[in-house]
file final-v1.pdb (PDB, C-alpha atoms, pLDDT in the B column)
ATOM      1  CA  MET T   1     152.082 105.125 147.142  1.00 93.00           C
ATOM      2  CA  VAL T   2     155.157 102.903 147.001  1.00 95.00           C
ATOM      3  CA  THR T   3     155.743 103.260 150.743  1.00 95.00           C
ATOM      4  CA  GLN T   4     152.123 102.331 151.467  1.00 96.00           C
ATOM      5  CA  VAL T   5     152.308  99.227 149.277  1.00 96.00           C
ATOM      6  CA  LEU T   6     155.611  98.088 150.780  1.00 97.00           C
ATOM      7  CA  LYS T   7     154.441  98.681 154.362  1.00 96.00           C
ATOM      8  CA  SER T   8     151.135  96.924 153.848  1.00 95.00           C
ATOM      9  CA  LYS T   9     152.297  93.931 151.793  1.00 96.00           C
ATOM     10  CA  LEU T  10     155.760  93.042 153.067  1.00 96.00           C
ATOM     11  CA  ASN T  11     155.810  90.989 156.241  1.00 94.00           C
ATOM     12  CA  ASP T  12     157.750  91.789 159.411  1.00 93.00           C
ATOM     13  CA  GLU T  13     160.880  90.054 158.102  1.00 95.00           C
ATOM     14  CA  TYR T  14     161.494  93.068 155.832  1.00 96.00           C
ATOM     15  CA  TYR T  15     162.805  96.461 156.883  1.00 96.00           C
ATOM     16  CA  LEU T  16     161.981  99.587 154.893  1.00 96.00           C
ATOM     17  CA  ILE T  17     164.035 102.779 154.837  1.00 96.00           C
ATOM     18  CA  ASN T  18     162.606 105.711 152.857  1.00 95.00           C
ATOM     19  CA  ASP T  19     164.324 108.775 151.389  1.00 93.00           C
ATOM     20  CA  VAL T  20     167.962 108.137 152.201  1.00 93.00           C
ATOM     21  CA  LEU T  21     170.034 111.235 151.431  1.00 89.00           C
ATOM     22  CA  TYR T  22     173.680 110.649 150.643  1.00 87.00           C
ATOM     23  CA  ILE T  23     176.702 112.126 148.872  1.00 83.00           C
ATOM     24  CA  ASN T  24     177.800 110.274 145.730  1.00 81.00           C
ATOM     25  CA  ASP T  25     181.413 109.710 144.664  1.00 81.00           C
ATOM     26  CA  ARG T  26     181.364 112.998 142.713  1.00 84.00           C
ATOM     27  CA  GLY T  27     180.348 114.962 145.803  1.00 83.00           C
ATOM     28  CA  ASN T  28     176.732 115.524 144.747  1.00 83.00           C
ATOM     29  CA  LYS T  29     173.715 115.044 147.005  1.00 87.00           C
ATOM     30  CA  GLU T  30     171.503 112.153 145.927  1.00 88.00           C
ATOM     31  CA  ASN T  31     168.526 110.399 147.386  1.00 91.00           C
ATOM     32  CA  ILE T  32     167.396 106.806 147.386  1.00 95.00           C
ATOM     33  CA  ASP T  33     163.622 106.593 147.331  1.00 96.00           C
ATOM     34  CA  HIS T  34     163.442 103.250 149.168  1.00 97.00           C
ATOM     35  CA  VAL T  35     165.802 100.645 150.570  1.00 97.00           C
ATOM     36  CA  VAL T  36     164.293  97.280 151.452  1.00 97.00           C
ATOM     37  CA  LEU T  37     166.320  94.915 153.621  1.00 96.00           C
ATOM     38  CA  GLY T  38     164.978  91.384 153.627  1.00 95.00           C
ATOM     39  CA  PRO T  39     166.053  87.890 154.545  1.00 94.00           C
ATOM     40  CA  ASN T  40     166.450  87.136 150.823  1.00 94.00           C
ATOM     41  CA  GLY T  41     168.310  90.290 149.777  1.00 93.00           C
ATOM     42  CA  ILE T  42     168.833  94.033 149.795  1.00 94.00           C
ATOM     43  CA  PHE T  43     166.994  96.271 147.293  1.00 97.00           C
ATOM     44  CA  ALA T  44     167.545  99.880 146.196  1.00 97.00           C
ATOM     45  CA  ILE T  45     164.337 101.179 144.635  1.00 98.00           C
ATOM     46  CA  GLU T  46     164.035 104.175 142.329  1.00 96.00           C
ATOM     47  CA  THR T  47     160.442 105.374 141.982  1.00 96.00           C
ATOM     48  CA  LYS T  48     159.010 107.122 138.934  1.00 93.00           C
ATOM     49  CA  HIS T  49     155.424 108.319 138.547  1.00 92.00           C
ATOM     50  CA  TYR T  50     155.503 108.748 134.767  1.00 88.00           C
ATOM     51  CA  SER T  51     152.475 107.987 132.639  1.00 89.00           C
ATOM     52  CA  GLY T  52     152.140 107.084 128.976  1.00 91.00           C
ATOM     53  CA  LYS T  53     154.348 104.764 126.972  1.00 92.00           C
ATOM     54  CA  ILE T  54     157.849 104.336 128.387  1.00 92.00           C
ATOM     55  CA  THR T  55     160.429 102.400 126.402  1.00 92.00           C
ATOM     56  CA  CYS T  56     163.632 101.019 127.867  1.00 92.00           C
ATOM     57  CA  LYS T  57     166.237  99.188 125.813  1.00 91.00           C
ATOM     58  CA  GLY T  58     169.346  98.488 127.869  1.00 87.00           C
ATOM     59  CA  SER T  59     170.385 101.875 129.243  1.00 83.00           C
ATOM     60  CA  TYR T  60     168.381 103.893 126.693  1.00 86.00           C
ATOM     61  CA  TRP T  61     165.051 105.299 127.862  1.00 89.00           C
ATOM     62  CA  GLN T  62     162.407 106.985 125.753  1.00 85.00           C
ATOM     63  CA  VAL T  63     159.546 108.853 127.388  1.00 79.00           C
ATOM     64  CA  PRO T  64     156.902 111.187 125.936  1.00 71.00           C
ATOM     65  CA  PHE T  65     158.469 114.193 127.697  1.00 67.00           C
ATOM     66  CA  PRO T  66     161.954 115.368 128.730  1.00 64.00           C
ATOM     67  CA  PHE T  67     163.513 113.911 131.841  1.00 65.00           C
ATOM     68  CA  GLY T  68     166.902 113.813 133.526  1.00 70.00           C
ATOM     69  CA  ARG T  69     169.128 110.819 134.056  1.00 77.00           C
ATOM     70  CA  SER T  70     168.240 107.283 133.116  1.00 86.00           C
ATOM     71  CA  PRO T  71     166.120 105.697 135.885  1.00 91.00           C
ATOM     72  CA  SER T  72     168.156 102.492 135.652  1.00 91.00           C
ATOM     73  CA  THR T  73     171.399 104.472 136.036  1.00 90.00           C
ATOM     74  CA  GLN T  74     169.908 106.110 139.136  1.00 91.00           C
ATOM     75  CA  ALA T  75     168.850 102.737 140.575  1.00 94.00           C
ATOM     76  CA  LYS T  76     172.259 101.190 139.870  1.00 94.00           C
ATOM     77  CA  GLY T  77     174.051 104.169 141.453  1.00 93.00           C
ATOM     78  CA  ASN T  78     171.835 103.894 144.508  1.00 94.00           C
ATOM     79  CA  ALA T  79     172.478 100.149 144.779  1.00 95.00           C
ATOM     80  CA  TYR T  80     176.217 100.782 144.497  1.00 93.00           C
ATOM     81  CA  TRP T  81     176.068 103.357 147.310  1.00 92.00           C
ATOM     82  CA  VAL T  82     174.012 101.071 149.593  1.00 93.00           C
ATOM     83  CA  ASN T  83     176.492  98.261 149.021  1.00 91.00           C
ATOM     84  CA  LYS T  84     179.394 100.606 149.750  1.00 89.00           C
ATOM     85  CA  ALA T  85     177.671 101.981 152.893  1.00 88.00           C
ATOM     86  CA  ILE T  86     177.215  98.464 154.243  1.00 87.00           C
ATOM     87  CA  LYS T  87     180.901  97.662 153.601  1.00 85.00           C
ATOM     88  CA  VAL T  88     182.223 100.956 154.998  1.00 79.00           C
ATOM     89  CA  SER T  89     180.118 100.604 158.141  1.00 73.00           C
ATOM     90  CA  GLY T  90     182.294  97.613 159.068  1.00 73.00           C
ATOM     91  CA  VAL T  91     179.241  95.617 160.064  1.00 67.00           C
ATOM     92  CA  PHE T  92     180.003  92.769 157.672  1.00 69.00           C
ATOM     93  CA  GLU T  93     183.589  92.995 156.581  1.00 66.00           C
ATOM     94  CA  THR T  94     183.712  89.523 155.056  1.00 68.00           C
ATOM     95  CA  LEU T  95     180.152  89.331 153.742  1.00 72.00           C
ATOM     96  CA  LYS T  96     179.707  90.008 150.035  1.00 73.00           C
ATOM     97  CA  VAL T  97     176.372  91.739 149.740  1.00 79.00           C
ATOM     98  CA  TRP T  98     174.649  92.205 146.403  1.00 85.00           C
ATOM     99  CA  VAL T  99     172.160  95.087 146.340  1.00 93.00           C
ATOM    100  CA  LYS T 100     169.528  94.646 143.663  1.00 96.00           C
ATOM    101  CA  PRO T 101     168.521  97.849 141.823  1.00 97.00           C
ATOM    102  CA  ILE T 102     164.828  98.153 140.927  1.00 97.00           C
ATOM    103  CA  VAL T 103     162.967 100.883 139.040  1.00 96.00           C
ATOM    104  CA  VAL T 104     159.275 100.955 139.925  1.00 97.00           C
ATOM    105  CA  PHE T 105     156.636 102.905 138.017  1.00 95.00           C
ATOM    106  CA  SER T 106     153.855 103.875 140.403  1.00 96.00           C
ATOM    107  CA  ASN T 107     151.418 105.466 137.932  1.00 95.00           C
ATOM    108  CA  PRO T 108     148.732 102.980 136.835  1.00 94.00           C
ATOM    109  CA  ASP T 109     148.555 104.823 133.485  1.00 95.00           C
ATOM    110  CA  VAL T 110     152.035 103.735 132.398  1.00 94.00           C
ATOM    111  CA  GLU T 111     152.699 101.363 129.530  1.00 94.00           C
ATOM    112  CA  LEU T 112     156.137  99.772 129.725  1.00 95.00           C
ATOM    113  CA  ASP T 113     158.083  98.364 126.792  1.00 94.00           C
ATOM    114  CA  VAL T 114     161.258  96.984 128.364  1.00 94.00           C
ATOM    115  CA  THR T 115     164.070  95.041 126.685  1.00 94.00           C
ATOM    116  CA  ASP T 116     167.304  94.037 128.447  1.00 93.00           C
ATOM    117  CA  PRO T 117     167.150  96.680 131.192  1.00 92.00           C
ATOM    118  CA  GLU T 118     170.233  97.450 133.279  1.00 91.00           C
ATOM    119  CA  ALA T 119     168.068  97.232 136.408  1.00 94.00           C
ATOM    120  CA  GLU T 120     164.810  95.408 136.991  1.00 96.00           C
ATOM    121  CA  VAL T 121     161.849  97.525 135.836  1.00 96.00           C
ATOM    122  CA  VAL T 122     158.390  96.838 137.298  1.00 97.00           C
ATOM    123  CA  THR T 123     155.021  98.419 137.841  1.00 96.00           C
ATOM    124  CA  LEU T 124     153.813  99.011 141.395  1.00 97.00           C
ATOM    125  CA  ASP T 125     151.486  96.006 141.348  1.00 96.00           C
ATOM    126  CA  LYS T 126     154.473  93.697 140.677  1.00 97.00           C
ATOM    127  CA  LEU T 127     156.984  95.255 143.088  1.00 98.00           C
ATOM    128  CA  VAL T 128     156.297  93.186 146.204  1.00 98.00           C
ATOM    129  CA  ASN T 129     156.382  89.930 144.261  1.00 97.00           C
ATOM    130  CA  SER T 130     159.668  90.989 142.661  1.00 97.00           C
ATOM    131  CA  ILE T 131     161.157  91.528 146.117  1.00 97.00           C
ATOM    132  CA  THR T 132     159.755  88.477 147.901  1.00 96.00           C
ATOM    133  CA  SER T 133     160.447  86.029 145.069  1.00 95.00           C
ATOM    134  CA  TYR T 134     164.055  87.154 144.637  1.00 94.00           C
ATOM    135  CA  ASP T 135     166.584  84.489 145.566  1.00 89.00           C
ATOM    136  CA  ASN T 136     170.279  85.193 145.544  1.00 81.00           C
ATOM    137  CA  GLY T 137     171.211  82.503 148.021  1.00 83.00           C
ATOM    138  CA  TYR T 138     171.322  84.739 151.102  1.00 80.00           C
ATOM    139  CA  SER T 139     169.427  84.173 154.294  1.00 86.00           C
ATOM    140  CA  PHE T 140     169.986  87.259 156.408  1.00 89.00           C
ATOM    141  CA  SER T 141     168.934  87.152 160.057  1.00 89.00           C
ATOM    142  CA  PRO T 142     166.842  89.935 161.612  1.00 92.00           C
ATOM    143  CA  GLU T 143     169.951  91.028 163.547  1.00 90.00           C
ATOM    144  CA  GLN T 144     172.038  91.256 160.370  1.00 88.00           C
ATOM    145  CA  LEU T 145     169.313  93.281 158.640  1.00 90.00           C
ATOM    146  CA  LYS T 146     169.038  95.663 161.587  1.00 90.00           C
ATOM    147  CA  LEU T 147     172.807  96.199 161.635  1.00 89.00           C
ATOM    148  CA  MET T 148     172.874  96.796 157.874  1.00 90.00           C
ATOM    149  CA  GLY T 149     170.043  99.328 158.151  1.00 92.00           C
ATOM    150  CA  GLU T 150     171.806 101.145 160.965  1.00 91.00           C
ATOM    151  CA  GLY T 151     175.036 101.130 158.940  1.00 89.00           C
ATOM    152  CA  ILE T 152     173.283 102.613 155.897  1.00 91.00           C
ATOM    153  CA  LEU T 153     171.669 105.378 157.933  1.00 91.00           C
ATOM    154  CA  LYS T 154     174.930 106.155 159.762  1.00 88.00           C
ATOM    155  CA  GLN T 155     176.943 106.401 156.529  1.00 85.00           C
ATOM    156  CA  ALA T 156     174.297 108.645 154.950  1.00 84.00           C
ATOM    157  CA  SER T 157     174.187 110.904 158.013  1.00 82.00           C
ATOM    158  CA  ASN T 158     177.986 111.154 158.215  1.00 74.00           C
ATOM    159  CA  ALA T 159     178.295 112.030 154.511  1.00 65.00           C
ATOM    160  CA  ILE T 160     175.629 114.754 154.731  1.00 65.00           C
ATOM    161  CA  LYS T 161     177.236 116.264 157.864  1.00 69.00           C
ATOM    162  CA  GLN T 162     180.651 116.341 156.195  1.00 67.00           C
ATOM    163  CA  SER T 163     179.232 118.128 153.153  1.00 64.00           C
ATOM    164  CA  GLU T 164     177.700 120.958 155.185  1.00 60.00           C
TER     165      GLU T 164
END
call {"tool": "encode", "arguments": {"input": "final-v1.pdb", "output": "structure tokens"}}
result
Amino acid sequence: MVTQVLKSKLNDEYYLINDVLYINDRGNKENIDHVVLGPNGIFAIETKHYSGKITCKGSYWQVPFPFGRSPSTQAKGNAYWVNKAIKVSGVFETLKVWVKPIVVFSNPDVELDVTDPEAEVVTLDKLVNSITSYDNGYSFSPEQLKLMGEGILKQASNAIKQSE
């Protein structure tokens, strides 16, 4: 659902990469649900399809059922890795890139109660606006975005190959 929304509502200035597998700093396989590269910024998106009332206060999450790691911790870790992959690729050695972590809830039956989250938390209907209205002062060219995307995919591929 998230992929469909992003593909249909983001214009051609944005590049979308889905399901990026990588190895984290502890040597564990991870996946990033979506990376969006746009003229106004880079976004690492963690998708959750939970329903019911979800409460987030800072890094503490409360859901009506057991779950694993904090979604905001996952999103922040993914953003950190994307940033690192761009730097390691050597594409932009002097460019300081900020990767914005976002947690998106795709289930329309979710009720969010969010206070001071560590990463932006949105519902699917607000995701595209969150991305397109973001302004961190960057204005990346299509060529820069393409090179960053290639760098991300190359770093992910290299890390997976080395772990096998």
call {"tool": "residues_around", "arguments": {"input": "final-v1.pdb", "residues": "Leu10 in chain T", "least_positions_apart": "4", "cutoff": "10 Å", "atoms": "only C-alpha atoms", "output": "ChimeraX atom specification"}}
result
/T:5-6,14-16,36,38,128-129,131-132
call {"tool": "atom_distance", "arguments": {"input": "final-v1.pdb", "atom1": "CA of Ala75 in chain T", "atom2": "CA of Ile102 in chain T"}}
result
6.1 Å
call {"tool": "residues_near_point", "arguments": {"input": "final-v1.pdb", "point": "(180.3, 102.8, 149.7)", "cutoff": "12 Å", "atoms": "all atoms listed in the file", "output": "VMD selection string"}}
result
chain T and resid 22 to 25 77 to 90 97 99 151 to 152 154 to 156 159
call {"tool": "residues_around", "arguments": {"input": "final-v1.pdb", "residues": "Lys48 in chain T", "least_positions_apart": "6", "cutoff": "8 Å", "atoms": "only C-alpha atoms", "output": "ChimeraX atom specification"}}
result
/T:71,103-107
call {"tool": "atom_distance", "arguments": {"input": "final-v1.pdb", "atom1": "CA of Ile32 in chain T", "atom2": "CA of His49 in chain T"}}
result
15.0 Å
call {"tool": "resolve_selection", "arguments": {"input": "final-v1.pdb", "expression": "the PyMOL selection byres ((chain T and resi 18) around 6)", "output": "PyMOL selection string"}}
result
chain T and resi 17+19-20+33-34
call {"tool": "residues_near_point", "arguments": {"input": "final-v1.pdb", "point": "(165.2, 99.3, 142.2)", "cutoff": "8 Å", "atoms": "only C-alpha atoms", "output": "JSON, numbers by chain"}}
result
{"T": [43, 44, 45, 46, 47, 72, 75, 76, 79, 100, 101, 102, 103, 104, 119, 120, 121]}
call {"tool": "closest_residue", "arguments": {"input": "final-v1.pdb", "among": "T:Asp125, T:Glu111, T:Asp135, T:Asp116", "to": "Val63 in chain T", "atoms": "only C-alpha atoms"}}
result
T:Glu111
